[in-house]
file input_25.txt (compact mmCIF, C-alpha atoms)
# COMPACT_ATOMS: atom_id res chain seq x y z
CA MET A 1 -169.27 32.42 155.86
CA SER A 2 -169.84 28.77 154.96
CA LEU A 3 -173.10 26.99 155.83
CA PHE A 4 -171.26 24.84 158.38
CA GLN A 5 -169.74 27.90 160.05
CA HIS A 6 -173.14 29.61 160.04
CA ILE A 7 -174.64 26.61 161.87
CA LEU A 8 -171.84 26.69 164.42
CA SER A 9 -172.38 30.41 164.96
CA ILE A 10 -175.91 29.66 166.17
CA LEU A 11 -174.65 27.29 168.88
CA PRO A 12 -173.07 28.46 172.15
CA PRO A 13 -169.36 29.03 171.35
CA GLU A 14 -168.01 26.28 173.61
CA VAL A 15 -170.51 23.77 172.21
CA ALA A 16 -169.68 24.88 168.66
CA HIS A 17 -165.97 24.39 169.27
CA ASN A 18 -166.51 20.92 170.73
CA VAL A 19 -168.62 19.96 167.70
CA ARG A 20 -165.90 21.16 165.34
CA MET A 21 -163.19 19.25 167.18
CA ARG A 22 -165.23 16.03 167.32
CA LEU A 23 -166.02 16.21 163.60
CA MET A 24 -162.36 16.87 162.91
CA GLY A 25 -161.44 13.78 164.89
CA PHE A 26 -164.04 11.69 163.06
CA ALA A 27 -162.80 12.90 159.68
CA GLY A 28 -159.24 12.11 160.72
CA MET A 29 -160.17 8.48 161.34
CA LEU A 30 -161.44 8.01 157.78
CA PRO A 31 -158.98 6.41 155.31
CA THR A 32 -158.77 9.57 153.18
CA GLY A 33 -159.79 12.04 155.88
CA ARG A 34 -156.45 13.69 156.52
CA GLY A 35 -155.64 13.77 152.83
CA TRP A 36 -158.90 15.64 152.25
CA MET A 37 -158.03 18.09 155.04
CA ARG A 38 -154.66 18.75 153.47
CA LEU A 39 -156.22 19.28 150.04
CA ILE A 40 -158.89 21.70 151.31
CA HIS A 41 -157.04 23.69 153.96
CA ALA A 42 -153.25 23.43 153.66
CA PRO A 43 -151.31 26.35 152.13
CA LYS A 44 -149.15 25.09 149.28
CA SER A 45 -146.53 27.82 148.78
CA LYS A 46 -143.00 27.22 149.98
CA GLU A 47 -142.53 31.01 150.08
CA LEU A 48 -144.23 30.93 153.48
CA HIS A 49 -141.45 28.89 155.12
CA ARG A 50 -139.84 30.53 158.16
CA GLU A 51 -136.94 29.73 160.45
CA VAL A 52 -137.56 31.05 163.95
CA PHE A 53 -135.50 30.39 167.10
CA GLY A 54 -133.68 27.62 165.23
CA LEU A 55 -136.86 25.76 164.17
CA ALA A 56 -138.22 25.34 160.64
CA PHE A 57 -141.87 26.37 160.24
CA ARG A 58 -143.64 25.53 156.97
CA ASN A 59 -145.61 28.76 157.42
CA PRO A 60 -145.88 31.40 160.18
CA ILE A 61 -149.55 30.71 161.03
CA GLY A 62 -150.26 28.49 164.00
CA ILE A 63 -152.75 27.55 166.68
CA ALA A 64 -152.72 29.39 170.01
CA ALA A 65 -153.05 27.67 173.37
CA GLY A 66 -156.63 26.95 174.37
CA PHE A 67 -157.80 25.75 170.95
CA ASP A 68 -156.54 22.18 171.37
CA PRO A 69 -155.37 22.33 175.00
CA ASN A 70 -154.75 18.62 175.43
CA GLY A 71 -153.21 17.87 172.03
CA ASN A 72 -156.14 15.64 171.02
CA ARG A 73 -156.14 16.82 167.37
CA LEU A 74 -152.46 17.20 166.55
CA ASN A 75 -152.62 14.83 163.59
CA GLU A 76 -155.63 16.58 162.07
CA LEU A 77 -154.26 20.10 162.62
CA GLY A 78 -150.96 18.94 161.14
CA ALA A 79 -152.75 17.63 158.06
CA MET A 80 -154.56 20.94 157.67
CA GLY A 81 -151.24 22.66 157.20
CA PHE A 82 -150.78 24.87 160.25
CA GLY A 83 -147.20 25.92 160.86
CA PHE A 84 -147.35 25.06 164.55
CA VAL A 85 -149.73 24.11 167.34
CA GLU A 86 -149.36 25.41 170.87
CA ILE A 87 -150.99 22.93 173.23
CA GLY A 88 -152.03 23.88 176.72
CA SER A 89 -152.08 25.45 179.09
CA VAL A 90 -150.75 22.09 180.34
CA MET A 91 -151.13 21.49 184.08
CA PRO A 92 -149.32 18.94 186.27
CA ARG A 93 -152.62 17.27 187.13
CA ARG A 94 -156.15 17.23 185.78
CA HIS A 95 -157.58 20.75 186.07
CA PRO A 96 -161.33 21.05 185.44
CA GLY A 97 -161.48 24.81 185.04
CA THR A 98 -164.65 26.69 185.88
CA PRO A 99 -168.22 25.36 185.53
CA ARG A 100 -169.89 25.70 182.12
CA PRO A 101 -170.76 27.88 180.30
CA ARG A 102 -167.21 29.22 180.22
CA LEU A 103 -167.11 31.01 176.87
CA LYS A 104 -169.70 33.53 175.70
CA ARG A 105 -170.05 35.76 172.68
CA LEU A 106 -170.34 39.46 173.42
CA LYS A 107 -173.45 40.75 171.68
CA ASP A 108 -173.35 44.43 172.65
CA VAL A 109 -169.98 45.28 171.06
CA ALA A 110 -169.18 46.42 167.54
CA VAL A 111 -166.67 43.67 166.71
CA PRO A 112 -166.76 39.84 167.21
CA SER A 113 -165.42 39.18 170.70
CA PHE A 114 -165.75 36.68 173.54
CA ILE A 115 -165.67 36.62 177.31
CA ASP A 116 -163.55 33.67 178.43
CA ASN A 117 -163.84 32.44 182.00
CA SER A 118 -162.56 28.92 181.36
CA GLY A 119 -159.92 28.83 184.07
CA TYR A 120 -157.60 26.86 181.77
CA PRO A 121 -159.22 23.38 181.80
CA SER A 122 -156.68 20.61 181.25
CA GLN A 123 -156.72 16.82 181.25
CA GLY A 124 -153.34 16.99 182.91
CA LEU A 125 -149.73 16.18 182.10
CA GLU A 126 -150.08 12.41 181.66
CA HIS A 127 -152.95 12.73 179.18
CA VAL A 128 -151.10 15.31 177.08
CA LEU A 129 -147.91 13.23 177.16
CA GLY A 130 -149.85 10.29 175.76
CA ASN A 131 -150.99 12.43 172.82
CA VAL A 132 -147.64 13.99 171.91
CA ARG A 133 -145.99 10.57 172.01
CA LYS A 134 -148.35 9.43 169.23
CA ARG A 135 -147.31 11.96 166.59
CA ARG A 136 -147.80 10.53 163.10
CA LYS A 137 -146.51 11.34 159.63
CA HIS A 138 -148.93 14.24 159.29
CA THR A 139 -147.19 16.00 162.16
CA LYS A 140 -143.62 15.57 160.95
CA GLU A 141 -143.56 19.14 159.64
CA LEU A 142 -145.74 20.45 162.47
CA VAL A 143 -143.85 22.34 165.15
CA ILE A 144 -145.40 21.70 168.56
CA GLY A 145 -145.20 24.17 171.42
CA CYS A 146 -146.20 23.54 175.02
CA ASN A 147 -147.88 26.34 176.95
CA ILE A 148 -147.48 25.82 180.70
CA GLY A 149 -149.80 27.39 183.27
CA LYS A 150 -150.28 27.13 187.00
CA MET A 151 -152.99 25.22 188.85
CA THR A 152 -155.70 27.41 190.38
CA SER A 153 -155.22 25.62 193.68
CA THR A 154 -151.44 26.08 193.74
CA HIS A 155 -150.15 28.54 196.30
CA PRO A 156 -147.99 31.34 194.80
CA GLU A 157 -144.96 30.05 196.73
CA ASP A 158 -145.24 26.68 194.97
CA ILE A 159 -145.99 27.66 191.37
CA THR A 160 -142.39 27.15 190.27
CA LYS A 161 -142.87 23.43 190.98
CA ASP A 162 -145.91 23.34 188.66
CA TYR A 163 -144.01 24.90 185.78
CA LEU A 164 -140.87 22.82 186.33
CA ARG A 165 -142.70 19.49 186.55
CA VAL A 166 -144.46 19.98 183.22
CA PHE A 167 -141.31 21.42 181.62
CA ARG A 168 -139.12 18.47 182.61
CA ASN A 169 -141.62 15.81 181.53
CA MET A 170 -142.54 17.43 178.20
CA TYR A 171 -139.02 18.51 177.26
CA GLN A 172 -138.15 15.67 174.88
CA TYR A 173 -141.57 15.61 173.18
CA VAL A 174 -142.19 19.21 172.09
CA ASP A 175 -140.25 21.77 170.08
CA PHE A 176 -140.61 24.90 172.22
CA PHE A 177 -142.22 26.12 175.45
CA VAL A 178 -144.39 29.11 176.29
CA ILE A 179 -144.45 30.01 179.98
CA ASN A 180 -147.83 31.59 180.62
CA ILE A 181 -147.62 34.24 183.33
CA ALA A 182 -150.81 36.02 182.26
CA CYS A 183 -153.44 36.11 184.98
CA ASN A 184 -155.53 32.98 185.40
CA THR A 185 -159.14 34.04 184.95
CA THR A 186 -160.22 32.50 188.25
CA THR A 187 -157.50 33.73 190.58
CA PRO A 188 -156.00 37.18 191.10
CA TYR A 189 -152.39 36.01 191.32
CA GLU A 190 -150.10 37.02 188.49
CA PRO A 191 -146.30 37.39 188.73
CA ARG A 192 -145.61 41.06 188.08
CA THR A 193 -142.12 41.71 189.51
CA GLU A 194 -138.74 40.72 188.12
CA GLU A 195 -138.07 38.57 191.18
CA GLU A 196 -141.33 36.63 190.73
CA ILE A 197 -140.77 36.07 187.01
CA ARG A 198 -137.12 35.09 187.43
CA ALA A 199 -138.13 32.63 190.15
CA ILE A 200 -140.21 30.82 187.54
CA LEU A 201 -137.74 31.04 184.65
CA ASP A 202 -134.38 30.39 186.32
CA PRO A 203 -135.07 26.71 187.25
CA LEU A 204 -136.19 26.08 183.65
CA PHE A 205 -132.97 27.60 182.30
CA GLU A 206 -130.98 25.50 184.75
CA PHE A 207 -132.69 22.27 183.67
CA ARG A 208 -132.21 23.09 179.99
CA ARG A 209 -128.48 23.63 180.46
CA GLY A 210 -128.16 19.96 181.40
CA GLN A 211 -129.90 18.65 178.27
CA SER A 212 -128.32 17.60 174.99
CA ASP A 213 -131.09 19.23 172.93
CA TYR A 214 -131.93 22.94 173.07
CA CYS A 215 -135.62 23.75 173.46
CA PRO A 216 -136.58 27.45 173.15
CA ILE A 217 -138.47 29.14 176.01
CA LEU A 218 -140.86 32.04 175.49
CA LEU A 219 -142.87 34.09 177.96
CA LYS A 220 -146.57 34.82 177.35
CA ILE A 221 -147.69 38.18 178.68
CA SER A 222 -150.95 39.90 179.53
CA PRO A 223 -152.27 43.03 177.77
CA ASP A 224 -153.09 44.45 181.21
CA ILE A 225 -149.54 45.07 182.41
CA THR A 226 -148.21 48.62 182.58
CA ARG A 227 -145.63 50.03 180.18
CA GLU A 228 -143.07 49.91 183.00
CA GLU A 229 -143.82 46.23 183.58
CA LEU A 230 -143.52 45.54 179.85
CA ASP A 231 -140.14 47.27 179.78
CA MET A 232 -139.04 45.12 182.73
CA ILE A 233 -140.07 41.96 180.85
CA ILE A 234 -138.18 43.13 177.75
CA ASP A 235 -135.11 43.65 179.96
CA ILE A 236 -135.48 40.07 181.22
CA LEU A 237 -135.62 38.93 177.58
CA ILE A 238 -132.40 40.76 176.79
CA GLU A 239 -130.52 39.84 179.96
CA THR A 240 -131.41 36.14 180.35
CA PRO A 241 -131.45 33.02 178.13
CA LEU A 242 -135.15 33.65 177.37
CA ASP A 243 -135.71 33.10 173.63
CA GLY A 244 -138.73 35.27 172.91
CA ILE A 245 -142.13 36.64 173.94
CA GLU A 246 -145.69 35.73 173.03
CA ALA A 247 -148.06 38.71 173.15
CA ILE A 248 -150.85 38.80 174.22
CA SER A 249 -153.39 36.83 176.31
CA GLY A 250 -156.98 37.84 176.99
CA SER A 251 -157.70 41.04 178.90
CA SER A 252 -159.26 40.92 182.38
CA LEU A 253 -159.35 44.71 182.54
CA MET A 254 -161.40 44.90 179.35
CA ALA A 255 -163.76 42.32 180.85
CA GLN A 256 -164.24 44.48 183.92
CA GLU A 257 -164.91 47.49 181.73
CA GLN A 258 -167.67 45.47 180.06
CA GLY A 259 -169.20 44.68 183.45
CA PHE A 260 -167.79 41.16 183.98
CA ALA A 261 -166.33 40.50 187.43
CA LYS A 262 -164.49 37.40 186.16
CA GLY A 263 -163.05 36.33 182.86
CA ALA A 264 -161.01 37.88 180.07
CA ILE A 265 -161.90 39.45 176.74
CA SER A 266 -160.69 37.68 173.61
CA GLY A 267 -161.39 38.31 169.95
CA ALA A 268 -161.46 41.45 167.87
CA MET A 269 -161.53 43.84 170.83
CA LEU A 270 -157.90 42.78 171.42
CA THR A 271 -156.62 43.29 167.89
CA GLU A 272 -155.18 46.79 168.17
CA ARG A 273 -153.77 46.20 171.66
CA ALA A 274 -152.01 43.05 170.47
CA ILE A 275 -150.49 44.68 167.38
CA GLU A 276 -149.42 47.74 169.37
CA THR A 277 -147.74 45.57 172.03
CA VAL A 278 -145.87 43.49 169.46
CA ARG A 279 -144.72 46.60 167.60
CA TYR A 280 -143.39 48.12 170.82
CA ILE A 281 -141.47 44.95 171.78
CA ALA A 282 -140.03 44.61 168.27
CA GLU A 283 -138.88 48.24 168.14
CA ARG A 284 -137.51 48.22 171.67
CA THR A 285 -135.45 45.07 170.91
CA GLU A 286 -134.50 46.28 167.39
CA HIS A 287 -136.23 43.19 165.93
CA ASN A 288 -133.56 40.92 167.39
CA TYR A 289 -135.85 38.55 169.29
CA PRO A 290 -138.66 36.28 168.08
CA ILE A 291 -142.22 37.30 168.93
CA ILE A 292 -145.38 35.22 168.58
CA GLY A 293 -148.31 37.55 167.96
CA SER A 294 -151.61 36.34 169.40
CA GLY A 295 -154.86 37.90 170.55
CA GLY A 296 -157.48 39.33 168.19
CA MET A 297 -156.20 37.75 164.99
CA MET A 298 -159.60 37.46 163.31
CA THR A 299 -158.96 38.14 159.62
CA PRO A 300 -156.21 37.71 157.00
CA GLU A 301 -155.54 41.46 157.26
CA ASP A 302 -155.02 41.14 161.03
CA VAL A 303 -152.45 38.39 160.47
CA LYS A 304 -150.59 40.47 157.88
CA ARG A 305 -150.59 43.56 160.09
CA MET A 306 -149.27 41.54 163.03
CA LEU A 307 -146.35 40.18 161.00
CA ASP A 308 -145.67 43.66 159.60
CA ALA A 309 -145.59 44.98 163.18
CA GLY A 310 -142.67 42.67 163.97
CA ALA A 311 -144.11 39.29 164.90
CA SER A 312 -142.18 36.27 163.66
CA LEU A 313 -145.21 33.98 163.96
CA VAL A 314 -148.94 34.42 164.50
CA ALA A 315 -151.14 32.18 166.70
CA LEU A 316 -154.88 31.92 165.97
CA ASN A 317 -157.73 30.99 168.29
CA SER A 318 -160.79 33.25 168.38
CA GLY A 319 -160.43 33.96 164.66
CA LEU A 320 -160.83 30.25 163.89
CA ARG A 321 -163.79 29.95 166.23
CA GLN A 322 -165.47 32.93 164.59
CA ASN A 323 -164.58 32.41 160.92
CA GLY A 324 -163.70 28.73 160.59
CA MET A 325 -160.64 26.80 159.50
CA ARG A 326 -160.61 28.45 156.07
CA LEU A 327 -158.93 31.40 157.81
CA LEU A 328 -155.60 29.55 157.57
CA LYS A 329 -155.61 29.38 153.78
CA GLN A 330 -157.02 32.90 153.42
CA ALA A 331 -154.36 34.34 155.70
CA ALA A 332 -151.59 32.42 153.94
CA LYS A 333 -152.77 33.79 150.60
CA ALA A 334 -152.74 37.34 151.97
CA LEU A 335 -149.08 36.94 152.95
CA LEU A 336 -147.93 36.03 149.45
CA PRO A 337 -146.79 38.77 147.06
CA GLU A 338 -149.36 39.57 144.42
CA PRO A 339 -148.45 38.04 141.05
CA GLN A 340 -147.11 40.55 138.60
CA PRO A 341 -148.98 40.86 135.30
CA ALA A 342 -147.14 39.28 132.40
CA THR A 343 -145.34 41.72 130.13
CA LYS A 344 -146.77 41.63 126.65
CA GLN A 345 -144.20 40.60 124.09
CA LYS A 346 -144.04 42.87 121.06
CA THR A 347 -144.57 41.20 117.75
CA LYS A 348 -142.11 41.55 114.88
CA HIS A 349 -144.59 43.84 113.14
CA GLU A 350 -144.89 46.12 116.22
CA ASN A 351 -141.11 46.34 116.57
CA THR A 352 -140.83 47.63 113.05
call {"tool": "encode", "arguments": {"input": "input_25.txt", "output": "structure tokens"}}
result
Amino acid sequence: MSLFQHILSILPPEVAHNVRMRLMGFAGMLPTGRGWMRLIHAPKSKELHREVFGLAFRNPIGIAAGFDPNGNRLNELGAMGFGFVEIGSVMPRRHPGTPRPRLKRLKDVAVPSFIDNSGYPSQGLEHVLGNVRKRRKHTKELVIGCNIGKMTSTHPEDITKDYLRVFRNMYQYVDFFVINIACNTTTPYEPRTEEEIRAILDPLFEFRRGQSDYCPILLKISPDITREELDMIIDILIETPLDGIEAISGSSLMAQEQGFAKGAISGAMLTERAIETVRYIAERTEHNYPIIGSGGMMTPEDVKRMLDAGASLVALNSGLRQNGMRLLKQAAKALLPEPQPATKQKTKHENT
């Protein structure tokens, strides 16, 4: 762990993250700031390039929703070399989330984990639109995804309007969408039936059919759904124009098991659940559909295991908060084949 990361680990996690993001923004304003970021953090190998749902990713390692929810640091994250950034959850209007502190480290567990009761804070659609419209040269290779969530105050009968409004306004500015149907940490509503999920997705499919450009749509799922519910979601993937699945979000059930009435567990406690879920989806679909693996990706080995399980891409959040931005380069290195030792050439004397 670097000295800077050690200092951040002493601070409350939400404060530490805000400090990191502000320093990143300050460095990005310096004349050579983004060049320095690219030199220090960006993976160099072209062997990491991927093509997923028709988009070219310079590497399969990206940023999950919640890390830069409003797209304030797209230029800096692009310079650092991430393959993609998933902004959001984006809300139709400003959404303050829950009162601070909203993110806490769990101290009585064996592995680095967090309890997240943020409630998806968002500066709102207009603020995010202003940021994605200002993409610079450092983000030319950066694929940008938009994670859409529902407002806490929105009645279940009206949530389709929330998703559709953000989807329509962001459509020409991002490269793919992730429709977040995992439970909001401050409200018990979560679409769990095929009818509820199709009611959200079908208007998005209908709008996309009328556009000249094709923008992929993925569904983000909770680790707390039953196997039967997961099978139903996989059937929706197969039977509709849905392009893929992102698995998984934080776990409210794990939080309750730890004695928290509200919030969701993120971090290393999710690692095995996330890998197991992705492996099941990949095997059930015969590896024919893209999957973004997220949740509990804390180390380079976790990233490699997730891709080996069948994920096409991996999205980081808690791992970066815990271990710092160097995780990108370390994980990229772990994905490259080990160099083979050079074969010693026999001399003329040895040949005789």
call {"tool": "residues_around", "arguments": {"input": "input_25.txt", "residues": "segment 33-49 of chain A", "least_positions_apart": "5", "cutoff": "12 Å", "atoms": "only C-alpha atoms", "output": "PyMOL selection string"}}
result
chain A and resi 23-28+55-62+73-84+136-139+141-142+312-313+324-337
call {"tool": "atom_distance", "arguments": {"input": "input_25.txt", "atom1": "atom CA of Arg279 of chain A", "atom2": "atom CA of Glu228 of chain A"}}
result
15.8 Å
call {"tool": "closest_residue", "arguments": {"input": "input_25.txt", "among": "A:Pro290, A:Pro203, A:Gly130, A:Gly267", "to": "Lys161 of chain A", "atoms": "all atoms listed in the file"}}
result
A:Pro203
call {"tool": "atom_distance", "arguments": {"input": "input_25.txt", "atom1": "atom CA of Arg102 of chain A", "atom2": "atom CA of Leu125 of chain A"}}
result
21.9 Å
call {"tool": "closest_residue", "arguments": {"input": "input_25.txt", "among": "A:Leu201, A:Leu164, A:Ala268, A:Leu103", "to": "Met91 of chain A", "atoms": "only C-alpha atoms"}}
result
A:Leu164
call {"tool": "closest_residue", "arguments": {"input": "input_25.txt", "among": "A:Glu51, A:Asn323, A:Leu106, A:Ile87", "to": "Pro12 of chain A", "atoms": "all atoms listed in the file"}}
result
A:Leu106
call {"tool": "atom_distance", "arguments": {"input": "input_25.txt", "atom1": "atom CA of Val19 of chain A", "atom2": "atom CA of Leu3 of chain A"}}
result
14.5 Å
call {"tool": "closest_residue", "arguments": {"input": "input_25.txt", "among": "A:Pro99, A:Gly259, A:Pro223, A:Gly244", "to": "Glu276 of chain A", "atoms": "only C-alpha atoms"}}
result
A:Pro223
call {"tool": "residues_around", "arguments": {"input": "input_25.txt", "residues": "Gly71 of chain A", "least_positions_apart": "6", "cutoff": "7 Å", "atoms": "all atoms listed in the file", "output": "ChimeraX atom specification"}}
result
/A:87,128,131-132
call {"tool": "write_last_selection", "arguments": {"input": "input_25.txt", "atoms": "C-alpha atoms", "output": "PDB file, in the coordinates of the input"}}
result
ATOM      1  CA  ILE A  87    -150.990  22.930 173.230  1.00  0.00           C
ATOM      2  CA  VAL A 128    -151.100  15.310 177.080  1.00  0.00           C
ATOM      3  CA  ASN A 131    -150.990  12.430 172.820  1.00  0.00           C
ATOM      4  CA  VAL A 132    -147.640  13.990 171.910  1.00  0.00           C
TER       5      VAL A 132
END
call {"tool": "closest_residue", "arguments": {"input": "input_25.txt", "among": "A:Glu239, A:Glu283, A:Asp175, A:Ser118", "to": "Gly54 of chain A", "atoms": "all atoms listed in the file"}}
result
A:Asp175
call {"tool": "closest_residue", "arguments": {"input": "input_25.txt", "among": "A:Thr285, A:Ser266, A:Gln172, A:Ser294", "to": "Asp116 of chain A", "atoms": "all atoms listed in the file"}}
result
A:Ser266
call {"tool": "residues_around", "arguments": {"input": "input_25.txt", "residues": "Gly145 of chain A", "least_positions_apart": "4", "cutoff": "9 Å", "atoms": "all atoms listed in the file", "output": "JSON, numbers by chain"}}
result
{"A": [65, 84, 85, 86, 87, 88, 174, 175, 176, 177, 178]}
call {"tool": "write_last_selection", "arguments": {"input": "input_25.txt", "atoms": "C-alpha atoms", "output": "mmCIF file, keeping the file's coordinate frame"}}
result
data_model
loop_
_atom_site.group_PDB
_atom_site.id
_atom_site.type_symbol
_atom_site.label_atom_id
_atom_site.label_comp_id
_atom_site.auth_asym_id
_atom_site.auth_seq_id
_atom_site.Cartn_x
_atom_site.Cartn_y
_atom_site.Cartn_z
ATOM 1 C CA ALA A 65 -153.050 27.670 173.370
ATOM 2 C CA PHE A 84 -147.350 25.060 164.550
ATOM 3 C CA VAL A 85 -149.730 24.110 167.340
ATOM 4 C CA GLU A 86 -149.360 25.410 170.870
ATOM 5 C CA ILE A 87 -150.990 22.930 173.230
ATOM 6 C CA GLY A 88 -152.030 23.880 176.720
ATOM 7 C CA VAL A 174 -142.190 19.210 172.090
ATOM 8 C CA ASP A 175 -140.250 21.770 170.080
ATOM 9 C CA PHE A 176 -140.610 24.900 172.220
ATOM 10 C CA PHE A 177 -142.220 26.120 175.450
ATOM 11 C CA VAL A 178 -144.390 29.110 176.290
#
call {"tool": "residues_around", "arguments": {"input": "input_25.txt", "residues": "Ile200 of chain A", "least_positions_apart": "3", "cutoff": "9 Å", "atoms": "only C-alpha atoms", "output": "short mmCIF file (atom, residue, chain, number, x, y, z; two decimals) with C-alpha atoms, in the coordinates of the input"}}
result
data_model
loop_
_atom_site.label_atom_id
_atom_site.label_comp_id
_atom_site.auth_asym_id
_atom_site.auth_seq_id
_atom_site.Cartn_x
_atom_site.Cartn_y
_atom_site.Cartn_z
CA ILE A 159 -145.99 27.66 191.37
CA THR A 160 -142.39 27.15 190.27
CA LYS A 161 -142.87 23.43 190.98
CA TYR A 163 -144.01 24.90 185.78
CA LEU A 164 -140.87 22.82 186.33
CA ILE A 179 -144.45 30.01 179.98
CA GLU A 195 -138.07 38.57 191.18
CA GLU A 196 -141.33 36.63 190.73
CA ILE A 197 -140.77 36.07 187.01
CA PRO A 203 -135.07 26.71 187.25
CA LEU A 204 -136.19 26.08 183.65
#
call {"tool": "residues_around", "arguments": {"input": "input_25.txt", "residues": "Ile233 of chain A", "least_positions_apart": "3", "cutoff": "10 Å", "atoms": "only C-alpha atoms", "output": "number ranges by chain"}}
result
A: 192-194, 197-198, 219, 221, 227-230, 236-239, 245, 281
call {"tool": "decode", "arguments": {"input": "input_25.txt", "residues": "segment 209-220 of chain A", "atoms": "N, CA and C atoms", "output": "CSV table (one decimal), in the first residue's frame"}}
result
chain,number,residue,atom,x,y,z
A,209,ARG,N,-35.5,1.5,-31.2
A,209,ARG,CA,-35.8,1.1,-32.6
A,209,ARG,C,-36.0,2.3,-33.5
A,210,GLY,N,-36.3,3.4,-33.0
A,210,GLY,CA,-36.5,4.6,-33.8
A,210,GLY,C,-35.2,5.4,-34.0
A,211,GLN,N,-34.1,5.0,-33.5
A,211,GLN,CA,-32.9,5.7,-33.6
A,211,GLN,C,-32.0,5.2,-34.7
A,212,SER,N,-31.1,6.1,-35.2
A,212,SER,CA,-30.2,5.7,-36.3
A,212,SER,C,-29.0,4.9,-35.7
A,213,ASP,N,-28.6,5.2,-34.5
A,213,ASP,CA,-27.5,4.5,-33.9
A,213,ASP,C,-28.0,3.5,-32.8
A,214,TYR,N,-27.3,2.4,-32.7
A,214,TYR,CA,-27.7,1.3,-31.8
A,214,TYR,C,-26.9,1.5,-30.5
A,215,CYS,N,-27.6,1.6,-29.4
A,215,CYS,CA,-26.9,1.7,-28.1
A,215,CYS,C,-27.3,0.5,-27.3
A,216,PRO,N,-26.3,-0.3,-26.9
A,216,PRO,CA,-26.6,-1.5,-26.1
A,216,PRO,C,-27.3,-1.2,-24.8
A,217,ILE,N,-28.1,-2.2,-24.3
A,217,ILE,CA,-28.8,-2.1,-23.1
A,217,ILE,C,-28.5,-3.3,-22.2
A,218,LEU,N,-28.0,-3.1,-21.0
A,218,LEU,CA,-27.8,-4.2,-20.1
A,218,LEU,C,-28.6,-4.0,-18.9
A,219,LEU,N,-28.8,-5.1,-18.1
A,219,LEU,CA,-29.6,-5.1,-16.9
A,219,LEU,C,-28.7,-5.4,-15.7
A,220,LYS,N,-28.7,-4.5,-14.7
A,220,LYS,CA,-27.9,-4.8,-13.5
A,220,LYS,C,-28.7,-5.5,-12.4
